[in-house]
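Structure data follow from entry.cif (mmCIF, C-alpha atoms):
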data_run
#
loop_
_atom_site.label_atom_id
_atom_site.label_comp_id
_atom_site.auth_asym_id
_atom_site.auth_seq_id
_atom_site.Cartn_x
_atom_site.Cartn_y
_atom_site.Cartn_z
CA VAL A 55 -71.45 86.33 49.85
CA LYS A 56 -68.20 84.58 50.45
CA LYS A 57 -66.42 83.19 47.41
CA LYS A 58 -65.49 79.58 47.77
CA ALA A 59 -61.77 78.99 47.64
CA ILE A 60 -60.53 76.47 45.10
CA THR A 61 -59.34 73.43 46.91
CA THR A 62 -55.88 72.03 46.32
CA PRO A 63 -57.08 68.91 44.44
CA ALA A 64 -59.21 71.03 42.14
CA ALA A 65 -56.30 73.38 41.45
CA ILE A 66 -54.07 70.48 40.56
CA ALA A 67 -56.70 69.10 38.19
CA LEU A 68 -57.09 72.44 36.43
CA LEU A 69 -53.32 72.78 36.14
CA CYS A 70 -53.05 69.33 34.57
CA LEU A 71 -55.80 70.15 32.07
CA GLY A 72 -53.97 73.33 31.13
CA LEU A 73 -50.69 71.53 30.67
CA CYS A 74 -52.33 68.83 28.54
CA GLY A 75 -53.83 71.46 26.28
CA PHE A 76 -50.49 73.24 25.98
CA CYS A 77 -48.70 69.96 25.17
CA ALA A 78 -51.30 69.14 22.53
CA LEU A 79 -50.74 72.55 20.95
CA ILE A 80 -46.95 72.03 20.93
CA GLY A 81 -47.41 68.55 19.45
CA LYS A 82 -49.62 69.95 16.71
CA LEU A 83 -47.01 72.55 15.84
CA GLY A 84 -44.31 69.85 15.83
CA ASP A 85 -46.36 67.67 13.48
CA THR A 86 -46.81 70.62 11.16
CA ASN A 87 -43.05 71.26 11.09
CA VAL A 88 -42.33 67.56 10.45
CA ASN A 89 -44.85 67.47 7.62
CA GLN A 90 -43.30 70.57 6.07
CA THR A 91 -39.82 69.05 6.39
CA ASN A 92 -40.97 65.78 4.82
CA THR A 93 -42.62 67.69 2.00
CA ARG A 94 -39.41 69.58 1.28
CA THR A 95 -37.42 66.32 1.41
CA ASP A 96 -39.84 64.66 -1.02
CA LEU A 97 -39.58 67.60 -3.41
CA VAL A 98 -35.78 67.49 -3.34
CA GLY A 99 -35.80 63.71 -3.81
CA ASN A 100 -38.19 63.92 -6.75
CA LEU A 101 -36.08 66.66 -8.34
CA GLN A 102 -32.92 64.56 -7.97
CA ALA A 103 -34.69 61.50 -9.38
CA ASN A 104 -35.82 63.51 -12.40
CA ILE A 105 -32.26 64.72 -12.96
CA ASN A 106 -30.88 61.18 -12.72
CA ALA A 107 -33.58 59.84 -15.01
CA ALA A 108 -32.86 62.41 -17.70
CA PRO A 109 -31.98 60.52 -20.90
CA THR A 110 -28.41 60.76 -22.13
CA SER A 111 -27.72 61.19 -25.81
CA PRO A 112 -25.99 58.23 -27.53
CA PRO A 113 -22.30 58.67 -28.38
CA THR A 114 -21.50 60.10 -31.78
CA PHE A 115 -19.48 58.14 -34.31
CA ALA A 116 -16.57 60.54 -33.80
CA GLU A 117 -16.59 59.74 -30.06
CA LEU A 118 -16.80 56.00 -30.73
CA LYS A 119 -13.96 56.21 -33.22
CA GLN A 120 -11.72 58.11 -30.82
CA LYS A 121 -12.34 55.69 -27.96
CA GLY A 122 -12.03 52.66 -30.26
CA GLU A 123 -8.63 53.75 -31.53
CA GLN A 124 -7.46 54.19 -27.94
CA LEU A 125 -8.67 50.68 -27.07
CA LEU A 126 -6.68 49.21 -29.96
CA LYS A 127 -3.56 50.27 -28.01
CA PHE A 128 -4.83 48.74 -24.76
CA GLN A 129 -2.26 46.48 -23.11
CA ARG A 130 -1.73 45.10 -19.64
CA ASP A 131 0.17 42.28 -17.99
CA GLU A 132 -2.92 40.49 -16.72
CA TYR A 133 -6.31 40.74 -18.38
CA GLN A 134 -9.49 40.61 -16.32
CA GLN A 135 -13.15 40.19 -17.17
CA SER A 136 -13.83 43.83 -16.29
CA ASP A 137 -11.44 44.94 -19.07
CA PHE A 138 -13.94 43.86 -21.71
CA GLN A 139 -16.67 46.18 -20.42
CA GLN A 140 -15.01 49.21 -22.02
CA PHE A 141 -14.77 47.36 -25.34
CA ASP A 142 -18.49 46.53 -25.20
CA GLU A 143 -19.29 50.21 -24.66
CA VAL A 144 -17.78 50.92 -28.08
CA MET A 145 -18.48 47.75 -30.05
CA ILE A 146 -22.20 47.50 -29.27
CA PRO A 147 -23.00 51.03 -30.56
CA LEU A 148 -20.79 50.42 -33.61
CA GLN A 149 -22.73 47.27 -34.44
CA ALA A 150 -25.99 49.21 -34.12
CA ILE A 151 -25.07 51.67 -36.89
CA SER A 152 -27.38 51.02 -39.86
CA LYS A 153 -26.25 50.40 -43.42
CA GLU A 154 -27.86 53.66 -44.48
CA ASP A 155 -25.54 55.63 -42.22
CA LYS A 156 -22.61 57.29 -44.01
CA ASN A 157 -20.25 55.96 -41.30
CA TYR A 158 -21.41 52.35 -41.65
CA LYS A 159 -18.38 50.96 -43.53
CA GLU A 160 -15.86 52.71 -41.31
CA ALA A 161 -17.76 51.56 -38.23
CA GLN A 162 -17.62 47.95 -39.46
CA ARG A 163 -13.87 48.16 -40.08
CA LEU A 164 -13.25 49.57 -36.61
CA ASN A 165 -15.48 46.95 -35.02
CA LYS A 166 -13.56 44.19 -36.84
CA LYS A 167 -10.27 45.55 -35.46
CA LEU A 168 -11.71 45.59 -31.94
CA ILE A 169 -12.90 41.98 -32.33
CA ASP A 170 -9.41 40.97 -33.48
CA LYS A 171 -8.00 42.80 -30.46
CA THR A 172 -10.25 41.22 -27.84
CA ALA A 173 -10.20 37.63 -29.15
CA PRO A 174 -6.58 36.86 -28.13
CA MET A 175 -7.08 38.80 -24.89
CA MET A 176 -9.98 36.55 -23.95
CA ALA A 177 -8.12 33.40 -25.03
CA GLU A 178 -5.05 34.44 -23.03
CA MET A 179 -7.13 35.09 -19.93
CA LEU A 180 -8.70 31.63 -20.17
CA VAL A 181 -5.43 29.82 -20.90
CA LEU A 182 -3.28 31.56 -18.30
CA GLY A 183 -5.70 32.03 -15.45
CA ALA A 184 -4.99 34.60 -12.76
CA ARG A 185 -1.42 35.44 -11.82
CA PRO A 186 -0.45 32.86 -9.14
CA SER A 187 0.24 34.15 -5.64
CA GLU A 188 3.24 33.07 -3.54
CA ILE A 189 1.26 30.30 -1.85
CA GLU A 190 -0.11 29.11 -5.19
CA LEU A 191 3.42 29.03 -6.62
CA LYS A 192 4.63 26.83 -3.76
CA LEU A 193 1.72 24.45 -4.22
CA ALA A 194 2.39 24.27 -7.97
CA PHE A 195 6.12 23.61 -7.40
CA ASN A 196 5.43 20.88 -4.84
CA HIS A 197 2.91 19.13 -7.05
CA TYR A 198 5.21 19.19 -10.08
CA LEU A 199 8.51 18.28 -8.39
CA ARG A 200 7.12 15.50 -6.22
CA THR A 201 7.04 13.13 -9.19
CA ARG A 202 10.16 14.41 -10.97
CA LEU A 203 12.95 14.64 -8.40
CA ASN A 204 15.13 11.70 -7.36
CA ASP A 205 14.59 12.52 -3.69
CA TYR A 206 11.83 15.06 -3.32
CA ASP A 207 11.80 15.00 0.50
CA SER A 208 15.43 16.14 0.69
CA SER A 209 15.00 19.01 -1.77
CA GLU A 210 14.98 22.64 -0.65
CA TYR A 211 13.73 25.90 -2.11
CA PHE A 212 16.07 28.81 -1.54
CA ASP A 213 14.19 31.46 -3.45
CA TYR A 214 11.78 32.05 -6.30
CA THR A 215 10.66 35.07 -8.26
CA PRO A 216 7.11 36.42 -8.41
CA ALA A 217 5.26 35.16 -11.48
CA TYR A 218 5.64 37.24 -14.62
CA LYS A 219 4.28 36.76 -18.11
CA VAL A 220 6.33 35.60 -21.09
CA TYR A 221 5.52 34.44 -24.61
CA VAL A 222 7.05 31.33 -26.14
CA LYS A 223 6.33 31.17 -29.87
CA LYS A 224 3.44 33.58 -29.24
CA GLU A 225 2.06 31.33 -26.50
CA PRO A 226 1.61 33.01 -23.08
CA PHE A 227 2.89 31.55 -19.80
CA TRP A 228 3.37 32.69 -16.23
CA VAL A 229 7.01 32.10 -15.28
CA SER A 230 8.78 31.88 -11.94
CA ILE A 231 12.49 31.11 -11.54
CA LEU A 232 13.05 28.70 -8.66
CA SER A 233 16.41 28.29 -6.89
CA LEU A 234 16.39 24.61 -6.00
CA ARG A 235 18.80 22.39 -4.07
CA ALA A 236 18.20 18.73 -4.80
CA LYS A 237 19.99 15.39 -5.27
CA ASN A 238 21.18 14.32 -8.68
CA ALA A 239 21.19 10.77 -10.03
CA PHE A 240 24.42 10.00 -8.12
CA GLY A 241 23.10 11.16 -4.76
CA GLY A 242 25.03 14.42 -4.69
CA TYR A 243 23.37 17.75 -3.96
CA ILE A 244 23.34 20.41 -6.63
CA LEU A 245 21.97 23.94 -6.68
CA LYS A 246 20.31 25.18 -9.84
CA ASP A 247 17.84 27.73 -11.10
CA VAL A 248 14.78 26.19 -12.70
CA LYS A 249 12.44 28.19 -14.89
CA MET A 250 8.88 27.09 -14.13
CA TYR A 251 6.20 27.68 -16.77
CA ILE A 252 2.74 27.91 -15.26
CA ARG A 253 -0.82 27.99 -16.53
CA ASN A 254 -3.95 28.05 -14.39
CA LYS A 255 -1.85 27.58 -11.23
CA GLU A 256 -0.13 24.41 -12.49
CA VAL A 257 3.43 23.92 -13.72
CA VAL A 258 3.24 22.68 -17.29
CA LEU A 259 6.94 22.84 -18.14
CA ALA A 260 10.26 23.19 -16.31
CA ASP A 261 13.46 24.39 -17.95
CA GLY A 262 16.77 23.53 -16.23
CA LEU A 263 15.53 20.81 -13.90
#
Target format structure tokens, applied to this file:
Amino acid sequence: VKKKAITTPAAIALLCLGLCGFCALIGKLGDTNVNQTNTRTDLVGNLQANINAAPTSPPTFAELKQKGEQLLKFQRDEYQQSDFQQFDEVMIPLQAISKEDKNYKEAQRLNKKLIDKTAPMMAEMLVLGARPSEIELKLAFNHYLRTRLNDYDSSEYFDYTPAYKVYVKKEPFWVSILSLRAKNAFGGYILKDVKMYIRNKEVVLADGL
């Protein structure tokens, strides 16, 4: 009996079926590897989350005292809102110390000192405003001098210093020294240095004008 030869179309069909089965097997293995990888990733993520969520012990009074005494020496040329965050980190725990605690009285004294320290800092920040930039200085000069010079349009600025902080009778000001050429009351030009006192980007006083 002669065996029937497999025709070309039939061979192609069988080959395709074999390839499909092989691809399905590879896909199954790939899915298994992906699932294993995802499982490992989830485990690592959960472990990290547990580590991050671990409660931290509150600071001891000795730690608060050390940091508080350092903050009492805190000083900078321009105070910012973010500066008060570090004070809160000490003052809030100090205020939470109960009267029954042996450190209560000392904690209250330290907290009072920190309040006395931050109060003028906050007031100064509100009164002064941010340090004026070069453009803001020019705008402040123009606004102030426009109504105070005999001939504003003929005046010239030769130079001016960056704003720096000074205290006048314990009152803070930003100051910039302006080299100004302007007409006097007789129409003659004079060159003089004018000390401009600035608050919240406005000249509030001029010395030497």
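Rounded to one decimal, CA of Ile231 (chain A) and CA of Tyr214 (chain A) lie 5.4 Å from each other.
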**Message:** Would you compute the distance between CA of Glu154 (chain A) and CA of Gln140 (chain A)? Give it in Å to one decimal.
**Reply:** 26.3 Å
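Residues matched by the PyMOL selection byres ((chain A and resi 202-207) around 9) in this file: Asn196, Tyr198, Leu199, Arg200, Thr201, Ser208, Ser209, Glu210, Ala236, Lys237, Asn238, Ala239, Gly241 and Leu263 of chain A.
Candidate residues A:Lys156, A:Arg130, A:Lys246, A:Lys121 were compared for distance to Phe212 (chain A), and the nearest is A:Lys246, using all atoms listed in the file.
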Please provide the set of residues having any atom within 12 Å of region 189-193 of chain A, restricted to all atoms listed in the file, with same-chain residues fewer than 6 positions apart removed, written as a JSON list (two decimals) with C-alpha atoms, keeping the file's coordinate frame.
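File produced: selection.json:
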[["chain", "number", "residue", "atom", "x", "y", "z"],
["A", 199, "LEU", "CA", 8.51, 18.28, -8.39],
["A", 200, "ARG", "CA", 7.12, 15.50, -6.22],
["A", 210, "GLU", "CA", 14.98, 22.64, -0.65],
["A", 211, "TYR", "CA", 13.73, 25.90, -2.11],
["A", 212, "PHE", "CA", 16.07, 28.81, -1.54],
["A", 213, "ASP", "CA", 14.19, 31.46, -3.45],
["A", 214, "TYR", "CA", 11.78, 32.05, -6.30],
["A", 215, "THR", "CA", 10.66, 35.07, -8.26],
["A", 216, "PRO", "CA", 7.11, 36.42, -8.41],
["A", 217, "ALA", "CA", 5.26, 35.16, -11.48],
["A", 218, "TYR", "CA", 5.64, 37.24, -14.62],
["A", 228, "TRP", "CA", 3.37, 32.69, -16.23],
["A", 229, "VAL", "CA", 7.01, 32.10, -15.28],
["A", 230, "SER", "CA", 8.78, 31.88, -11.94],
["A", 231, "ILE", "CA", 12.49, 31.11, -11.54],
["A", 232, "LEU", "CA", 13.05, 28.70, -8.66],
["A", 250, "MET", "CA", 8.88, 27.09, -14.13],
["A", 251, "TYR", "CA", 6.20, 27.68, -16.77],
["A", 252, "ILE", "CA", 2.74, 27.91, -15.26],
["A", 253, "ARG", "CA", -0.82, 27.99, -16.53],
["A", 254, "ASN", "CA", -3.95, 28.05, -14.39],
["A", 255, "LYS", "CA", -1.85, 27.58, -11.23],
["A", 256, "GLU", "CA", -0.13, 24.41, -12.49],
["A", 257, "VAL", "CA", 3.43, 23.92, -13.72]]
**Item:** Nearest residue to Lys224 (chain A) from the set A:Glu132, A:Glu123, A:Asp261, A:Glu178 (distances using all atoms listed in the file)
**Value:** A:Glu178
**Asked** For Met176 (chain A), which residue out of A:Lys249, A:Val220, A:Leu234, A:Phe138 is the nearest one, using only C-alpha atoms?
**Response** A:Phe138
**Request:** List the neighbours of region 163-174 of chain A out to 12 Å using all atoms listed in the file; skip same-chain residues closer than 2 positions along the sequence, and give me the result as JSON, numbers by chain.
**Result:** {"A": [115, 116, 118, 119, 120, 121, 122, 123, 124, 125, 126, 127, 128, 129, 133, 134, 135, 137, 138, 139, 140, 141, 142, 143, 144, 145, 146, 147, 148, 149, 150, 151, 157, 158, 159, 160, 161, 176, 177, 178, 179, 180, 181, 182, 224, 225, 226]}
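Across the structure, CA of Asp131 (chain A) and CA of Pro113 (chain A) are spaced 29.7 Å apart.
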How big is the axis-aligned box around all listed atoms of region 174-187 of chain A once 6 Å goes on each side, and where's its centre, in Å to one decimal, as lines of an AutoDock Vina configuration file?
center_x = -4.9
center_y = 34.3
center_z = -16.9
size_x = 22.2
size_y = 21.0
size_z = 34.5
